[in-house]
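Trainee: One structure follows; several queries about it will come next.
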Amino acid sequence: MIGRMPAYRLLIAAFVVLTAAGVACRNAGSAQPDLNAGTFLTNANDTLLRLGIESSQAGWVQNTYITVDTQKIAADAQSDFAAAVAELALGARRFDGLRLSEDDARKLKLLKLQLSAPAPNNPAERDELSSLSSSLKGDYGKGKYCPSANRCLDIDQASNILASSRDPRELLDVWQGWHRVGAPMRDRYTRFVELSNKGARELGFDDTGVLWRSNYDMSPDKFAAEVDRLWAQVQPLYLSLHTYVRSKLAAKYGSAVLPADGTIPAHLVGNMWAQDWSNIYPLVAAPASGENYDLTASLKRRNADERSMVKYAENFFTSLGYQALPPAFWERSLFKKPADRDVVCHASASGWDAPEDVRIKMCVQINAEDFRVVHHELGHDYYGLLYAKQPYFYRDGAIDAFHEAVGDTIALSATPGYLKQIGLIDRVPSEKGDLEYLLNTALAKVAFLPFGAVIDQWRWKVFSGEIPPTAYNKAWWDLRNKYQRVTASVPRTESDFDPGAKYHVPANTPYTRYFLAYILQFQFHRALCREAGFTGPLHRCSIYGNKAAGAKLAKMLEMGSSRPWPEALAALSGESAMDATAILDYFAPLKTWLDEQNRAAQPGLSVAQ
Ligand code: X8Z
Ligand code: ZN
């Protein structure tokens with residue numbers, strides 16, 4: 001998605017429209033020199049709301065029916081929305097240096113941050129940028145790896161092989177095959193960066209990365225330092241897990257498959273981007289306590305289908321005192337990959353017409369991972385439902401990371417105790433099963449952390465020019481090695497463009513939001529468990545059915561982005577800084593155990609530093 005639009009609507013629809021309406025906006029932006037800020041913002045509110053809806057609709061159709069035509073319609077819509085933003089942002093300059101109310105100043109700031117790829121203020125370059133965005137995203141959605149003339153794999157099929165195969169040759173082949181999707185994007189991405197940077201500079205930012213980092217109620221430099229601070233807090237936990245998993249992989253595949261430098265080959269951890277390692281749980285399992293359970297098998301045994309997966313998640317939210325999802329949700333969402341056309345299967349949520357119309361788009365698979373993801377997506381929709389009464393500029397998360405954290409926070413409450421309560425498993429495992437539960441959870445949550453940080457560590461440098469196009473791929477792998485200690489097992493060169501094989505790069509979705517969300521969700525969980533009066537270990541807490549916790553969460557959600565995020569965080573938790581101690585507390589028993597295992601590991605095993 002090119003445009004910022006409030007992250008939520010963006011997640012969803014991505015491309016924004018405005019054709020004839022753009023003309024109305026141009027008038028609104030420039031022809032009335034004595035307009036006061038309140039009137040200007042009311043006009044901007046109405047214009048962007050209307051155009052945002054149109055563009056989101058076009059984006060929805062593109063994502064759920066990828067053709068040359070829908071791509072063009074979405075690109076035009078995006079271009080029109082971008083024109084309106086540029087026009088309004090320029091018009092807003094008349095207020096520079098004037099004393100404004102806090103509220104007006106906040107809205108004017110948010111106006112400039114509407115687009116994650118702001119367009120230059122001329123029609124030719126604006127159209128070029130939107131059609132580049134549209135085609136990059138479309139290419140990802142249509143992407144396939146065809147191992148033979150009559151067999152092609154889309155990303156879900158390729159991912160399923162990565163998740164389940166234990167044949168290193170097959171894994172490497174599919175990994176390599178999917179990564180070919182990126183190469184043809186390279187030149188368009190390079191041009192995309194140029195144009196987006198031009199747009200950002202016209203808005204007064206040094207480059208697009210600075211614009212992205214300006215969206216956190218603090219200076220861009222302070223924000224980058226916050227990310228570094230949080231990464232330093234969680235890095236030791238990640239390295240304990242990495243060292244342990246690496247030793248188990250060495251035992252499985254033989255040390256010849258594992259490089260001597262202490263890194264893990266990217267194709268061996270059960271996920272195309274090595275961002276979630278839970279699929280290799282059986283290879284790295286903690287000693288069996290007899291208490292473990294298999295959620296995927298339980299779902300299949302109960303004949304869960306796409307809708308019932310979503311129903312489980314809705315039921316959790318209603319148990320907190322929230323409304324049922326509106327009828328439009330069930331009528332208009334896409335839950336299943338259509339057999340006859342290309343769609344962007346990457347899960348997303350939409351809420352351009354909340355509270356009447358919220359949706360998700362997701363090719364739901366019946367397994368434990370997608371059980372989590374449906375909660376994630378409904379978190380977006382419920383955030384949208386709860387801030388629907390806010391004016392346009394505030395219909396968004398306090399920051400994008402809060403939007404990403406809500407549904408995951410709920411999914412942390414999908415404990416074994418909860419699964420028993422809703423009849424998905426037959427008995428609650430005793431405490432003897434905790435280690436297995438924590439290890440399983442860590443493979444999803446802790447393994448993700450450096451990946452959550454690395455994509456934008458790369459993009460920030462790409463946008464600033466510190467990484468030139470001639471070094472795109474080398475820098476990508478240098479950073480993945482630095483943060484994740486993960487490497488490619490086949491040579492990568494500048495004729496590859498591996499970042500393009502990850503959805504959020506062609507879709508231009510800022511990614512640091514997920515790094516923060518994976519830390520914040522534990523902070524939110526800890527606060528809600530406190531509110532619910534739970535005093536045991538955090539990994540055993542479920543707020544299911546707890547209306548007091550639901551109300552506390554709602555306080556934050558209803559604020560949307562109307563106040564700086566520390567205030568929204570305080571409404572939920574009483575805390576006003578992002579804090580990794582909650583995730584560290586949650587996994588503390590596992591960390592102790594991992595460190596013992598690593599100490600006892602065979603001499604000579606290379607340990608990540
Ligand atoms: O993109 C997503 C969500 C939609 S906002 C499914 N996630 C990131 C990813 O898949 O890479 C959630 C976790 C990280
Ligand atoms: Zn999300």
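Letters for chains follow the order of the structure tokens (A, B, ...), residue numbers begin at 1 for each chain, and ligand numbers begin at 1 in the order shown.
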Show me, as a ChimeraX atom specification, the residues that have an atom within 8 Å of A:Ile53 when counting only C-alpha atoms, minus same-chain residues fewer than 2 positions from it.
Mentor: /A:16-17,49-51,55-57,352-353
Trainee: Could you dump the residues just selected with N, CA and C atoms as a PDB file, in the first residue's frame?
Mentor:
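And here is the file that came out, result_38.pdb:
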ATOM      1  N   VAL A  16      -5.950   4.549  -2.765  1.00  0.00           N
ATOM      2  CA  VAL A  16      -6.902   5.550  -2.412  1.00  0.00           C
ATOM      3  C   VAL A  16      -7.339   6.340  -3.629  1.00  0.00           C
ATOM      4  N   VAL A  17      -8.533   6.784  -3.605  1.00  0.00           N
ATOM      5  CA  VAL A  17      -9.095   7.391  -4.805  1.00  0.00           C
ATOM      6  C   VAL A  17      -9.443   8.853  -4.652  1.00  0.00           C
ATOM      7  N   LEU A  49     -12.127  11.990   3.906  1.00  0.00           N
ATOM      8  CA  LEU A  49     -13.024  10.897   4.280  1.00  0.00           C
ATOM      9  C   LEU A  49     -13.694  10.321   3.033  1.00  0.00           C
ATOM     10  N   ARG A  50     -14.218  11.215   2.218  1.00  0.00           N
ATOM     11  CA  ARG A  50     -14.934  10.773   1.009  1.00  0.00           C
ATOM     12  C   ARG A  50     -13.973  10.063   0.051  1.00  0.00           C
ATOM     13  N   LEU A  51     -12.829  10.703  -0.181  1.00  0.00           N
ATOM     14  CA  LEU A  51     -11.885  10.104  -1.122  1.00  0.00           C
ATOM     15  C   LEU A  51     -11.255   8.843  -0.567  1.00  0.00           C
ATOM     16  N   SER A  55     -11.177   5.324  -2.423  1.00  0.00           N
ATOM     17  CA  SER A  55      -9.908   4.650  -2.723  1.00  0.00           C
ATOM     18  C   SER A  55      -9.842   3.293  -2.048  1.00  0.00           C
ATOM     19  N   SER A  56     -10.381   3.218  -0.851  1.00  0.00           N
ATOM     20  CA  SER A  56     -10.363   1.931  -0.150  1.00  0.00           C
ATOM     21  C   SER A  56     -11.204   0.920  -0.909  1.00  0.00           C
ATOM     22  N   GLN A  57     -12.298   1.378  -1.453  1.00  0.00           N
ATOM     23  CA  GLN A  57     -13.131   0.456  -2.242  1.00  0.00           C
ATOM     24  C   GLN A  57     -12.366  -0.047  -3.465  1.00  0.00           C
ATOM     25  N   TRP A 352     -13.314   1.028   6.325  1.00  0.00           N
ATOM     26  CA  TRP A 352     -13.517   2.389   5.818  1.00  0.00           C
ATOM     27  C   TRP A 352     -14.919   2.904   6.117  1.00  0.00           C
ATOM     28  N   ASP A 353     -15.855   2.020   6.354  1.00  0.00           N
ATOM     29  CA  ASP A 353     -17.207   2.483   6.629  1.00  0.00           C
ATOM     30  C   ASP A 353     -17.714   1.925   7.957  1.00  0.00           C
TER      31      ASP A 353
END
Trainee: Pull the closest atom pair for each residue of chain A that gets at most 7 Å from ligand 1, along with the distance in Å to one decimal, counting only C-alpha atoms and all ligand atoms, ordering rows by chain and then ascending residue number, as CSV.
Mentor:
residue,atom,partner,partner_atom_place_in_ligand_line,distance
A:Leu11,CA,ligand 1,5 (S),6.1
A:His346,CA,ligand 1,6 (C),6.4
A:Ala347,CA,ligand 1,6 (C),4.6
A:Ser348,CA,ligand 1,4 (C),4.9
A:Val373,CA,ligand 1,6 (C),6.2
A:Glu377,CA,ligand 1,4 (C),6.8
A:Glu404,CA,ligand 1,5 (S),6.3
A:Tyr514,CA,ligand 1,14 (C),5.6
Trainee: Write out as an mmCIF file with N, CA, C and O atoms, in the first residue's frame which residues come within 9 Å of A:Pro326 when counting only C-alpha atoms, dropping same-chain ones fewer than 4 positions away.
Mentor:
data_model
loop_
_atom_site.group_PDB
_atom_site.id
_atom_site.type_symbol
_atom_site.label_atom_id
_atom_site.label_comp_id
_atom_site.auth_asym_id
_atom_site.auth_seq_id
_atom_site.Cartn_x
_atom_site.Cartn_y
_atom_site.Cartn_z
ATOM 1 N N TRP A 330 -19.873 -10.412 7.561
ATOM 2 C CA TRP A 330 -20.028 -11.807 7.132
ATOM 3 C C TRP A 330 -20.379 -11.891 5.650
ATOM 4 O O TRP A 330 -20.043 -12.855 4.974
ATOM 5 N N PRO A 355 -19.123 2.027 11.684
ATOM 6 C CA PRO A 355 -19.268 0.690 12.260
ATOM 7 C C PRO A 355 -20.142 -0.249 11.430
ATOM 8 O O PRO A 355 -20.262 -1.410 11.773
ATOM 9 N N GLU A 356 -20.732 0.256 10.309
ATOM 10 C CA GLU A 356 -21.639 -0.631 9.553
ATOM 11 C C GLU A 356 -20.871 -1.694 8.771
ATOM 12 O O GLU A 356 -21.357 -2.795 8.584
ATOM 13 N N ASP A 357 -19.699 -1.302 8.283
ATOM 14 C CA ASP A 357 -19.005 -2.178 7.348
ATOM 15 C C ASP A 357 -17.546 -2.323 7.783
ATOM 16 O O ASP A 357 -16.744 -1.401 7.616
ATOM 17 N N VAL A 358 -17.211 -3.444 8.370
ATOM 18 C CA VAL A 358 -15.800 -3.800 8.559
ATOM 19 C C VAL A 358 -15.619 -5.194 7.955
ATOM 20 O O VAL A 358 -16.574 -5.958 7.881
#
Trainee: Determine the nearest neighbour of A:Glu125 from the options A:Pro184, A:Pro147, A:Gly199, A:Gly138, counting only C-alpha atoms.
Mentor: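 Answer, going by the shortest atom-to-atom distance: A:Gly199.
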Trainee: Please find the residues contacting ligand 2 at a distance of at most 10 Å between atoms, with only C-alpha atoms and all ligand atoms counted, and report them as a list in words.
Mentor: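 Protein and nucleic-acid residues within 10 Å of ligand 2: Ala7, Tyr8, Leu11, Ile12, Ala347, Ser348, Ala349, Val373, Val374, His375, His376, Glu377, Leu378, Gly379, His380, Asp381, Asp400, Ala401, Phe402, His403, Glu404, Ala405, Val406, Gly407, Asp408, Arg513, Tyr514 and Ala517 of chain A.
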